[in-house]
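A.B. asks: The structure that follows is given in the form of structure tokens.
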Amino acid sequence: MEAEDHQGALGGTSSELRRKIEATMFRVMEVGPTGSPTVTEGDEHVGPPPEGVVRWIDLSAQDAPHLDVLSERFAFHPLTIEDCSHFDQRPKFEKYLDYAFLVTHGFRLAPQEPDGLVPLELHTFLAERYLVTVHAEPIPGLEAVWLRLQQEGNLLRRGPAFVGYLITDAVVDTFFPLLDDVATDVEHIESRILRHAQWVKIDQIFRVKRLLVRLRKVLGPQRDVFALLAKRGDGWIDEHTAIYFRDVYDHLLRLHESVEATRDLLSSALDAYLWSSSQRTNEIMKRLTLLSAVFMPLSFITGFFGQNFVGLPFDSKYLMAAMLASCILVPAGMTFFFLKSKWF
């Protein structure tokens, strides 16, 4: 979580710098054995660095001509270039002859979107002396690491694998506040249903459920990817750097467990909501049934004594009194019985 303290750096940049970041296609940061990092824009320095130099090449808003530049100068496998042209890849880690290709995912909140999320997909080419990142739009975690490395050149000298750790750690850490917000929403839904017996819109529950399913689809494969990276030092990822990837793997385990726990809570809240709705319906039907039971004898009494025959109530004041008394006593007696039986 070394990059976490620097997340605010991006928030402090001016709108002019943000526009500049978005408009730039290629930008290159490199550092030698001594001196400070240097940053250039354009494709002049896009390519493997000379001996003793560590280089980070960042490509944003990629298109076919710029991907062709990467393919020509680095001889990347055509399949990895094809993946970079279509940002709908599953998190994965693939090893090639002299580099590794890594796909990681992040999200940012966007209330205007149907499920409240915008995916942030990052493709990384990781080699012994260089790192190439490709993304369709600015990623806050990546931008924070870029600004940090400009000020701390010694971090870039630790190698591309360590820079890759800083970037992935910053991207993964963006899940924590997102899941905190989701957990808060679930607790609010659960509280309204169980504690306050209030109605909850069913679409609100399913919106959160869809969001959790989407997070689960990303975190599961991404956890497996970092399990491979953290398992052991391999080639240019030495044992010392692999330890840092284990930290990211630990974060992903915690996130995945948090998603599963939140899904269970939401499922329980949904079951409670459906049970509560069923109970309310049953209570309403019971009251209507009892009300019908109270008025049913009245219908019989008025129907019977209202027959057009001689000697019925209107011909005798006693029968008339008996009818009126029964119209009062029978419903009163039934109501008393229902109340005593606690049916109301």
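Going by the structure tokens order, chains are called A, B, ..., each with residues numbered from 1, while ligands are numbered from 1 in the order shown.
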Would you kindly return, as a PyMOL selection string, each protein, DNA or RNA residue with an atom no farther than 8 Å from any atom of Pro119 in chain A, considering only C-alpha atoms and excluding same-chain residues fewer than 2 positions away?
C.D. replies: chain A and resi 105-108+117+121
A.B. asks: Return as a PyMOL selection string the full set of residues in range 57-136 of chain A whose backbone-based DSSP assignment is helix (DSSP H, G or I).
C.D. replies: chain A and resi 64-74+78-85
A.B. asks: Which residues, written as a ChimeraX atom specification, have at least one atom at most 8 Å from Ala136 in chain A, with only C-alpha atoms counted and residues fewer than 4 positions away on the same chain left out?
C.D. replies: /A:60-62,87,121
A.B. asks: Separation of CA of Pro50 in chain A and CA of Thr241 in chain A, in Å?
C.D. replies: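 Here the two named atoms are 22.6 Å from each other.
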A.B. asks: Restricting the calculation to only C-alpha atoms, which member of A:Glu137, A:Asp180, A:Asp83, A:Asp98 is positioned closest to Leu59 in chain A?
C.D. replies: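 Nearest candidate to Leu59 in chain A out of A:Glu137, A:Asp180, A:Asp83, A:Asp98: A:Glu137.
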A.B. asks: Pick the closest to Glu187 in chain A from A:Leu131, A:Leu324, A:Thr262, A:Glu257: which is it, counting only C-alpha atoms?
C.D. replies: A:Thr262
A.B. asks: So how far away is CA of Glu128 in chain A from CA of Ile237 in chain A, in Å?
C.D. replies: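 Interatomic distance, CA of Ile237 in chain A to CA of Glu128 in chain A: 8.0 Å.
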A.B. asks: Tell me which of A:Leu212, A:Leu255, A:Val225, A:Ala325 sits closest to Val186 in chain A, counting only C-alpha atoms.
C.D. replies: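 Distance minimum relative to Val186 in chain A lands on A:Leu212.
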A.B. asks: Quick one: pull the distance between CA of Arg129 in chain A and CA of Ile57 in chain A, Å, one decimal.
C.D. replies: 11.3 Å
A.B. asks: When you count only C-alpha atoms, which of these residues is closest to Phe162 in chain A: A:Lys92, A:His240, A:Lys217, A:Lys201?
C.D. replies: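 Residue with the minimum atom-to-atom distance to Phe162 in chain A: A:His240.
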